[in-house]
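What's in upload.cif: mmCIF, C-alpha atoms
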```
data_work
loop_
_atom_site.label_atom_id
_atom_site.label_comp_id
_atom_site.auth_asym_id
_atom_site.auth_seq_id
_atom_site.Cartn_x
_atom_site.Cartn_y
_atom_site.Cartn_z
CA MET A 8 168.54 100.00 31.62
CA SER A 9 171.62 101.98 30.57
CA ASP A 10 174.92 102.14 32.45
CA ILE A 11 174.31 105.84 33.09
CA ALA A 12 170.92 105.12 34.67
CA ARG A 13 172.36 102.46 36.96
CA ASP A 14 175.49 104.47 37.84
CA VAL A 15 173.50 107.58 38.75
CA ALA A 16 170.98 105.52 40.73
CA LYS A 17 173.81 103.89 42.68
CA ALA A 18 175.49 107.25 43.29
CA LEU A 19 172.24 108.68 44.66
CA ILE A 20 171.71 105.69 46.95
CA ASP A 21 175.36 105.73 48.09
CA ILE A 22 175.13 109.33 49.32
CA GLY A 23 171.87 108.64 51.16
CA GLY A 24 169.82 110.69 48.74
CA VAL A 25 166.98 108.16 48.51
CA GLY A 26 164.57 107.22 51.27
CA PHE A 27 161.48 105.03 51.42
CA VAL A 28 158.78 106.38 53.75
CA PRO A 29 155.43 104.70 52.95
CA ASN A 30 154.21 105.17 56.53
CA ASN A 31 155.06 108.88 56.50
CA PRO A 32 154.73 109.97 52.86
CA ILE A 33 156.09 113.32 51.71
CA THR A 34 154.06 115.88 49.79
CA PHE A 35 155.22 117.18 46.42
CA LYS A 36 154.60 120.77 45.37
CA SER A 37 151.88 119.39 43.09
CA GLY A 38 150.05 118.01 46.14
CA ILE A 39 150.88 114.39 45.31
CA LEU A 40 151.83 112.23 48.29
CA SER A 41 154.89 110.04 47.73
CA PRO A 42 156.14 106.96 49.63
CA MET A 43 159.73 107.84 48.71
CA TYR A 44 161.92 110.93 48.57
CA MET A 45 165.03 111.93 46.67
CA ASP A 46 167.52 114.63 47.62
CA ASN A 47 169.81 115.54 44.74
CA ARG A 48 170.92 118.62 46.69
CA MET A 49 173.39 116.36 48.49
CA PHE A 50 175.55 115.69 45.42
CA PRO A 51 177.89 118.72 45.76
CA SER A 52 178.97 117.36 49.16
CA TYR A 53 180.11 114.15 47.43
CA PRO A 54 182.40 115.18 44.54
CA LYS A 55 183.04 111.65 43.25
CA GLU A 56 179.34 110.81 42.97
CA TRP A 57 178.56 114.29 41.64
CA LYS A 58 181.00 113.74 38.79
CA THR A 59 178.94 110.69 37.83
CA VAL A 60 175.96 113.02 37.37
CA LEU A 61 177.85 115.73 35.48
CA ASN A 62 179.53 113.18 33.21
CA GLY A 63 176.10 111.68 32.62
CA PHE A 64 174.76 115.04 31.50
CA MET A 65 177.64 115.49 29.06
CA THR A 66 177.20 111.97 27.67
CA LYS A 67 173.48 112.52 27.15
CA MET A 68 174.18 115.80 25.37
CA LYS A 69 176.47 113.98 22.94
CA GLU A 70 174.04 111.10 22.45
CA GLN A 71 171.05 113.38 21.88
CA LYS A 72 173.12 115.90 19.89
CA ILE A 73 171.95 118.67 22.21
CA GLU A 74 173.61 121.98 21.45
CA CYS A 75 173.24 125.17 23.47
CA GLU A 76 174.64 128.65 23.85
CA MET A 77 173.68 128.92 27.51
CA ILE A 78 172.67 126.65 30.39
CA ALA A 79 169.96 127.46 32.93
CA GLY A 80 169.06 125.94 36.29
CA ILE A 81 165.84 126.25 38.27
CA GLU A 82 166.09 127.91 41.68
CA THR A 83 167.39 126.45 43.91
CA ALA A 84 168.11 122.75 43.48
CA GLY A 85 169.01 122.99 39.79
CA ILE A 86 171.54 125.80 40.19
CA PRO A 87 174.62 123.83 41.39
CA HIS A 88 174.26 121.31 38.57
CA SER A 89 173.68 123.88 35.83
CA SER A 90 176.55 126.06 37.06
CA ALA A 91 179.00 123.16 37.29
CA LEU A 92 177.98 121.82 33.88
CA GLY A 93 178.39 125.27 32.35
CA ALA A 94 181.89 125.55 33.79
CA LEU A 95 182.87 122.11 32.48
CA LEU A 96 181.55 122.90 29.00
CA ASP A 97 182.80 126.50 29.00
CA VAL A 98 179.22 127.66 28.40
CA PRO A 99 177.60 130.61 30.25
CA SER A 100 174.99 129.73 32.84
CA VAL A 101 172.04 131.55 34.41
CA PHE A 102 169.26 130.59 36.77
CA VAL A 103 165.50 131.00 36.77
CA ARG A 104 163.72 132.25 39.86
CA LYS A 105 160.54 130.58 41.06
CA GLU A 106 159.10 134.03 41.57
CA ALA A 107 160.37 137.56 41.07
CA LYS A 108 162.02 139.40 43.96
CA ASP A 109 159.92 142.14 45.52
CA HIS A 110 162.86 144.53 45.35
CA GLY A 111 165.73 145.48 43.04
CA THR A 112 165.29 144.75 39.33
CA LYS A 113 162.64 142.07 39.99
CA LYS A 114 164.12 139.88 37.26
CA MET A 115 163.09 136.25 36.81
CA ILE A 116 166.28 135.32 34.96
CA GLU A 117 169.48 136.00 36.89
CA GLY A 118 173.11 135.94 35.78
CA GLY A 119 173.00 136.93 32.15
CA VAL A 120 171.03 137.91 29.07
CA VAL A 121 169.22 135.08 27.27
CA VAL A 122 167.69 137.03 24.38
CA GLY A 123 168.31 135.18 21.13
CA LYS A 124 170.16 132.35 22.90
CA LYS A 125 169.49 128.63 22.68
CA VAL A 126 169.23 127.60 26.32
CA LEU A 127 169.46 124.12 27.83
CA LEU A 128 167.47 123.73 31.04
CA ILE A 129 168.94 121.59 33.84
CA GLU A 130 166.77 120.16 36.63
CA ASP A 131 167.50 117.95 39.61
CA LEU A 132 164.12 116.21 39.67
CA VAL A 133 160.97 116.09 37.55
CA THR A 134 157.67 114.81 38.95
CA THR A 135 154.71 116.46 37.21
CA GLY A 136 156.94 118.94 35.37
CA GLY A 137 155.32 122.11 36.70
CA SER A 138 158.46 123.80 38.03
CA SER A 139 160.54 122.90 34.98
CA LEU A 140 157.97 124.14 32.48
CA HIS A 141 157.53 127.33 34.48
CA GLY A 142 161.26 127.84 33.92
CA VAL A 143 160.85 127.13 30.20
CA SER A 144 158.04 129.69 30.03
CA GLU A 145 160.09 132.39 31.77
CA LEU A 146 163.12 131.76 29.57
CA ARG A 147 161.00 131.97 26.44
CA LYS A 148 159.34 135.16 27.65
CA ALA A 149 162.84 136.59 28.14
CA GLY A 150 163.67 135.82 24.49
CA ALA A 151 165.42 132.46 24.72
CA THR A 152 164.85 129.35 22.64
CA VAL A 153 164.34 126.27 24.81
CA THR A 154 163.81 122.82 23.30
CA ASP A 155 165.54 120.50 25.78
CA CYS A 156 165.59 119.80 29.50
CA LEU A 157 168.06 117.46 31.18
CA VAL A 158 167.15 116.07 34.59
CA ILE A 159 168.97 113.83 37.08
CA VAL A 160 165.88 111.82 38.05
CA GLY A 161 162.56 111.59 36.26
CA TYR A 162 159.53 109.92 37.83
CA GLU A 163 158.21 109.17 34.31
CA LEU A 164 154.66 110.15 35.22
CA GLN A 165 152.32 110.40 32.25
CA GLU A 166 151.22 113.80 33.52
CA ALA A 167 154.76 115.11 33.04
CA LYS A 168 155.22 113.45 29.65
CA ASP A 169 152.04 115.08 28.36
CA ALA A 170 153.01 118.49 29.76
CA PHE A 171 156.47 118.47 28.17
CA ALA A 172 155.07 117.25 24.85
CA LYS A 173 152.50 120.05 24.88
CA GLU A 174 155.25 122.64 25.32
CA LYS A 175 157.45 120.94 22.70
CA VAL A 176 160.30 120.34 25.12
CA CYS A 177 162.32 117.12 24.98
CA LEU A 178 162.89 115.77 28.50
CA THR A 179 165.99 113.60 28.90
CA GLN A 180 166.64 111.91 32.25
CA LEU A 181 169.77 110.30 33.62
CA THR A 182 167.86 107.79 35.72
CA ASP A 183 164.32 106.98 36.90
CA VAL A 184 162.47 105.52 39.85
CA LYS A 185 162.23 101.99 38.43
CA THR A 186 166.00 101.85 37.99
CA ILE A 187 166.53 103.23 41.48
CA LEU A 188 164.23 100.53 42.90
CA SER A 189 166.10 97.82 41.03
CA VAL A 190 169.54 99.03 42.12
CA ALA A 191 168.34 99.58 45.71
CA GLU A 192 167.11 95.97 45.80
CA GLU A 193 170.47 94.69 44.52
CA MET A 194 172.24 96.75 47.19
CA GLY A 195 169.91 95.54 49.96
CA LYS A 196 168.64 99.08 50.55
CA ILE A 197 164.92 98.41 50.16
CA THR A 198 162.51 95.80 51.49
CA GLU A 199 160.23 93.80 49.21
CA GLU A 200 157.23 95.48 50.82
CA ASN A 201 158.53 99.01 50.20
CA LYS A 202 159.43 98.13 46.62
CA ARG A 203 155.89 96.82 46.08
CA ILE A 204 154.35 99.97 47.57
CA VAL A 205 156.46 102.35 45.47
CA SER A 206 155.78 100.30 42.34
CA GLU A 207 152.03 100.52 42.99
CA TRP A 208 152.34 104.25 43.62
CA LEU A 209 154.04 104.75 40.27
CA GLN A 210 151.02 103.32 38.48
CA ASN A 211 148.75 106.15 39.64
CA PRO A 212 150.20 108.56 42.23
CA ARG A 213 147.09 110.71 42.61
CA GLU A 214 144.86 107.67 43.26
CA TRP A 215 147.40 106.09 45.63
CA GLN A 216 147.17 109.00 48.07
CA ARG A 217 143.41 108.49 48.42
#
```
Spit out the file's structure as structure tokens when you get a sec.
Amino acid sequence: MSDIARDVAKALIDIGGVGFVPNNPITFKSGILSPMYMDNRMFPSYPKEWKTVLNGFMTKMKEQKIECEMIAGIETAGIPHSSALGALLDVPSVFVRKEAKDHGTKKMIEGGVVVGKKVLLIEDLVTTGGSSLHGVSELRKAGATVTDCLVIVGYELQEAKDAFAKEKVCLTQLTDVKTILSVAEEMGKITEENKRIVSEWLQNPREWQR
């Protein structure tokens, strides 16, 4: 595992953004039950750890040779990260609504015009990929070119990999659940039993909930 993956995993654990709840699993938007949760929304309250994430994004952009004319975040969790990254890179940023407002201009893309622009999508978390690819679809409908998505944590579910491949979007993650489990074990933040349960869940999340 890379230094970025480990550093971001440790930062997330340090701020209390990871929890293991096999006896009270949370429900994802996709309907999948999960024995763990992650809260990347906490990062802005911890500037030092947040810089680890933002620096990770910039490093991945260099490594992957990702170029963009604009950065977009998904409402709401992706917005702080996309806005901060845009400011650091001196690149304009916008955000994509989950659904149009029922008043005003009823726009899906807020903050700027994306027509003819190459846009990099920023996400906080990718499970099945539904929310992210909805954002890709809206950006493309608005006239943008979107080929890459950067995410803080990816669950690496096959369902998501297939969905991104189908839409011809390259998904690049800073860290993943397996790395988080490994770092949490080193830090004494997870029991052997909880690690086993989450590892089993990763094999087939939809079957695990049954």
query: Using only C-alpha atoms, which residues sit within 10 Å of A:Arg13 once same-chain residues fewer than 2 positions away are excluded, as a list in words?
result: Met8, Ser9, Asp10, Ile11, Val15, Ala16, Lys17, Ala18, Leu19, Leu181, Thr182, Asp183, Thr186, Ile187, Ser189 and Val190 of chain A
task: Any chance you could resolve the PyMOL selection byres ((chain A and resi 196) around 10) against this file and give the residues as an NGL selection string?
output: :A and (20-21 or 25-27 or 188-195 or 197-198)
Take the selection from the previous step and output its residues with C-alpha atoms, as a PDB file, in the frame of the given file.
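Written out: out05.pdb:
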```
ATOM      1  CA  ILE A  20     171.710 105.690  46.950  1.00  0.00           C
ATOM      2  CA  ASP A  21     175.360 105.730  48.090  1.00  0.00           C
ATOM      3  CA  VAL A  25     166.980 108.160  48.510  1.00  0.00           C
ATOM      4  CA  GLY A  26     164.570 107.220  51.270  1.00  0.00           C
ATOM      5  CA  PHE A  27     161.480 105.030  51.420  1.00  0.00           C
ATOM      6  CA  LEU A 188     164.230 100.530  42.900  1.00  0.00           C
ATOM      7  CA  SER A 189     166.100  97.820  41.030  1.00  0.00           C
ATOM      8  CA  VAL A 190     169.540  99.030  42.120  1.00  0.00           C
ATOM      9  CA  ALA A 191     168.340  99.580  45.710  1.00  0.00           C
ATOM     10  CA  GLU A 192     167.110  95.970  45.800  1.00  0.00           C
ATOM     11  CA  GLU A 193     170.470  94.690  44.520  1.00  0.00           C
ATOM     12  CA  MET A 194     172.240  96.750  47.190  1.00  0.00           C
ATOM     13  CA  GLY A 195     169.910  95.540  49.960  1.00  0.00           C
ATOM     14  CA  ILE A 197     164.920  98.410  50.160  1.00  0.00           C
ATOM     15  CA  THR A 198     162.510  95.800  51.490  1.00  0.00           C
TER      16      THR A 198
END
```
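Atom to atom, atom CA of A:Val60 and atom CA of A:Asp14 stand 8.6 Å apart.
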query: Any chance you could work out the residue set of the PyMOL selection byres ((chain A and resi 86-93) around 12) here, as a VMD selection string?
result: chain A and resid 47 to 52 54 57 to 66 68 75 to 85 94 to 104 117 to 118 126 to 132 156 to 159
Take the PyMOL selection byres ((chain A and resi 216) around 8), apply it to the structure above, and return the hits as a PDB file with C-alpha atoms, in the frame of the given file.
```pdb
ATOM      1  CA  ILE A  39     150.880 114.390  45.310  1.00  0.00           C
ATOM      2  CA  LEU A  40     151.830 112.230  48.290  1.00  0.00           C
ATOM      3  CA  SER A  41     154.890 110.040  47.730  1.00  0.00           C
ATOM      4  CA  PRO A 212     150.200 108.560  42.230  1.00  0.00           C
ATOM      5  CA  ARG A 213     147.090 110.710  42.610  1.00  0.00           C
ATOM      6  CA  GLU A 214     144.860 107.670  43.260  1.00  0.00           C
ATOM      7  CA  TRP A 215     147.400 106.090  45.630  1.00  0.00           C
ATOM      8  CA  ARG A 217     143.410 108.490  48.420  1.00  0.00           C
TER       9      ARG A 217
END
```
message: as a list of chain:residue names, please: the residues near A:Val122 (cut-off 8 Å, all atoms listed in the file, same-chain neighbours under 6 positions excluded).
response: A:Ala149, A:Gly150, A:Ala151
statement: Using all atoms listed in the file, the shortest atom-to-atom distance to A:Asp155 among A:Ala170, A:Val143, A:Leu178, A:Val28 belongs to A:Leu178
message: Quick check, in Å to one decimal: how far apart do atom CA of A:Val205 and atom CA of A:Pro29 lie?
response: 7.9 Å
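Picture a line from atom CA of A:Lys148 to atom CA of A:Gly123; it runs 11.1 Å.
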query: Out of A:Gly136, A:Pro32, A:Gly119, A:Gly142, which residue has the shortest atom-to-atom distance to A:Val160 when counting only C-alpha atoms?
result: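 Of A:Gly136, A:Pro32, A:Gly119, A:Gly142, the one nearest A:Val160, counting only C-alpha atoms, is A:Gly136.
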message: Give me the residues near A:Thr135 as a PyMOL selection string, where near means some atom within 7 Å (using only C-alpha atoms) and where sequence neighbours in that chain fewer than 4 positions away do not count.
response: chain A and resi 164+166-167
task: Determine the nearest neighbour of A:Glu106 from the options A:Val121, A:Glu145, A:Gly137, A:Ile204, counting all atoms listed in the file.
output: A:Glu145
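For the set A:Glu207, A:Lys55, A:Ser139, A:Thr134, the residue with the smallest atom-to-atom gap to A:Ile22 is A:Lys55, counting all atoms listed in the file.
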Near-A:Lys175 list (9 Å; only C-alpha atoms; drop same-chain fewer than 2 positions) as a list in words: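 The filter keeps Val153, Thr154, Asp155, Ala170, Phe171, Ala172, Lys173 and Cys177 of chain A.
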Expected file: the selected residues, C-alpha atoms, as a PDB file, in the frame of the given file:
```
ATOM      1  CA  VAL A 153     164.340 126.270  24.810  1.00  0.00           C
ATOM      2  CA  THR A 154     163.810 122.820  23.300  1.00  0.00           C
ATOM      3  CA  ASP A 155     165.540 120.500  25.780  1.00  0.00           C
ATOM      4  CA  ALA A 170     153.010 118.490  29.760  1.00  0.00           C
ATOM      5  CA  PHE A 171     156.470 118.470  28.170  1.00  0.00           C
ATOM      6  CA  ALA A 172     155.070 117.250  24.850  1.00  0.00           C
ATOM      7  CA  LYS A 173     152.500 120.050  24.880  1.00  0.00           C
ATOM      8  CA  CYS A 177     162.320 117.120  24.980  1.00  0.00           C
TER       9      CYS A 177
END
```
Pick from A:Lys124, A:His141, A:Arg147, A:Lys185 nearest to A:Gly161, counting all atoms listed in the file: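 For A:Gly161, the nearest of the given residues is A:Lys185.
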